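As structure tokens, the structure follows; a few thoughts come after it.
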Amino acid sequence: MASVFEYAPAPESRSVVDIAPSYGLFIDGEFTEAADGKVFKSISPSTEEVLSEVAQAGAEDVDRAVKAARKAFEKWSALPGSERAKYLFRIARIIQERSRELAVLETLDNGKPIKETRDTDLPLVAAHFFYYAGWADKLDHAGFGRRTTNGHSGANPRPLGVAGQVIPWNFPLLMLAWKIAPALATGNTVVLKPAETTPLSALFFADICRQAGLPKGVVNILPGYGDTGAALVAHEDVNKVAFTGSTAVGKEIARTVAGTRKKLTLELGGKGANIVFDDAPIDQAVEGIVTGIFFNQGQVCCAGSRLLVQESIQDELLDSLKRRLSTLRLGDPLDKNTDIGAINSAEQLARITALTEQGEAEGAERWSPACELPSSGYWFAPTLFTNVTQAHTVARDEIFGPVLSVLSFRTPDEAVAKANNSQYGLSAGIWTEKGSRILAVANKLRAGVVWSNTFNKFDPTSPFGGYKESGFGREGGRHGLEAYLDV
């Protein structure tokens, strides 16, 4: 007899987004072809269908875009903050009005479930523009530099000029908002390079800039590959570089800007520790563990990819976690019931596969729930590794996929030592009912963001960034303004 609770598919309509067969570069307020005529295809990772053909920016196009941004900077930076704020508020409202369209677009281009783009990404994108719009006319009161006798900051903050920004494919529109909103609020102009596998939402954002009446040249969008990003970072007329992505590329960028006057912020890889103590609420912790590593298929810099569980509750927690993983739905990202979407690209899937095979070869025990993978697209079943030591590759390297490594500990000091035993320092989570323990442990963790009894919660008012090989500088909050100001 069929179950009363048979699964009913609930696909989101694709018809809400109209994707053009081809897109140009967005330079000086207009869409234009690449100087050398090069194009590349943007592919949907869940079906492998070609979504659109996109112009590929070269060095000549980078130069054109930087010149446009430099020219626009004179007038944009001279505007009163209250005037710049009006444009940011307008952009935020248009994003809200077009949020359903943008959520479907992001899911098609990136592969992540529609419920994540709809309920997490887009509300946060709008919130970042609203938040920084509010700061645009208050920069003198942001508290940078020394305080004067009348209570004002003596720093006299000024915009830097042209910001070259390079963003990753895991949160295409959200990373764009993290970069562009504070840059514009502080009076800078922008040349942004989206990731080659997810250029479409940035190009739609270019259209939103036109819709909002943003002056020409203030925002320029250059799709392309790594060489496009390298040309942008190296351009002599760029004053500020902001990059989110891999640690290896971050190091390369740091070498490029060394010895120049460019200001640099880097948000790089992570291997976040999620620490569960024996007094933690198990069911709540399990939900947090699932959110920490399986949200966006684990393709998150701050993912809780290392689970540190107190020895006395390890068996109980793992049983509960395995039961929960067996209920996750993997499949069509446009289905509102889907929990696990597609991996972003064939290249990323190959990396995840190689690292998990290495984990098995090194003796860690691999487990996945029974899971039918679709025949087309890039898919990887949620995976758990037990019998892991700190020497295992899966406990050290960032896999950037739905793979969780489980280690145990006996005392809080051991938990802290294991959590900090990483070249990364982006995020951590603590699960316990004792507030005093949360504070004591959090203060010892070398991580930029520490969540307590939750995970992967973001807010535009809160700064985000890392230590060690996870980068430097902060995005979000008042701290996120300073990276775009000369104080």
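Residue numbering restarts at 1 for every chain of the structure tokens, chains are lettered A, B, ... in their displayed order, and ligands are numbered from 1 as they appear.
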Worksheet item: Quick one: residues within 9 Å of Asp279 (chain A), only C-alpha atoms counted, chain neighbours fewer than 6 positions away excluded, as a PyMOL selection string?
Response: chain A and resi 313+431-434
Discussion item. With distances taken over only C-alpha atoms, which residue among A:Ser452, A:Ser201, A:Thr411, A:Gln390 lies nearest Ala177 (chain A)?
Written reply: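 The closest residue to Ala177 (chain A) is A:Ser201.
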Fill in: Who sits within 8 Å of Leu174 (chain A), only C-alpha atoms, same chain under 4 positions skipped, as JSON, numbers by chain
{"A": [121, 122, 124, 125, 178]}
Discussion item. Could you tell me how far CA of Gly187 (chain A) sits from CA of Leu79 (chain A), in Å to one decimal place?
Written reply: 7.9 Å
Discussion item. Using Å and a single decimal, report how far CA of Gly29 (chain A) sits from CA of Glu60 (chain A).
Written reply: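 Calculated distance between CA of Glu60 (chain A) and CA of Gly29 (chain A) is 17.2 Å.
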Discussion item. Residues within 8 Å of Val17 (chain A), please, as a ChimeraX atom specification. Count only C-alpha atoms; anything in the same chain fewer than 3 positions from it doesn't count.
Written reply: /A:14,101-102,104-105
Worksheet entry | Close residues, Phe277 (chain A) itself excluded, 10 Å, only C-alpha atoms, min 3 positions apart in chain, as a list in words |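 So, after excluding close chain neighbours, the residues are Ala280, Pro281, Ile282, Ala285, Leu308, Val309, Gln310, Glu311, Ser312, Ile313, Gln314, Phe409, Arg410, Thr411, Pro412, Ala415, Ile430, Trp431, Thr432, Glu433, Lys434 and Arg437 of chain A.
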Item to complete: With a distance cut-off of 10 Å and only C-alpha atoms, select the neighbouring residues of Lys67 (chain A), excluding the residue or stretch itself and same-chain residues fewer than 4 positions from it, and output the selection as an MDAnalysis selection string.
Response: chainID A and resid 27:28 61:63 71:73 162 191 217 237:238
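The nearest approach to Arg261 (chain A) among the residues A:Pro199, A:Gly24, A:Gly359, A:Gly161, with only C-alpha atoms taken into account, belongs to A:Gly161.
Using only C-alpha atoms for every distance, the candidate list A:Thr47, A:Asn188, A:Asn220, A:Asn387 yields A:Asn387 as the residue closest to Leu407 (chain A).
Interatomic distance, CA of Tyr132 (chain A) to CA of Pro168 (chain A): 21.4 Å.
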Worksheet entry | Exercise: Ala142 (chain A) partners within 8 Å, only C-alpha atoms, chain neighbours under 2 positions left out, as a list in words |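 The residues satisfying every condition are Lys138, Leu139, Asp140, Phe144, Ser153 and Arg478 of chain A.
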Discussion item. Using DSSP assignments from the backbone, pull out every residue in region 240-403 of chain A that falls under strand (DSSP E) and give it to me as a ChimeraX atom specification.
Written reply: /A:240-244,263-267,273-276,306-310,365-367,383-386,403
Item to complete: Select, from A:Gly213, A:Gly477, A:Pro113, A:Pro9, the residue with the minimum atom-to-atom distance to Arg90 (chain A), counting only C-alpha atoms.
Response: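 When distances to Arg90 (chain A) are compared using only C-alpha atoms, the smallest one comes from A:Gly213.
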Fill in: Counting only C-alpha atoms, the residue of A:Ala417, A:Leu222, A:Val394, A:Ala483 that sits nearest Arg158 (chain A)
A:Ala483
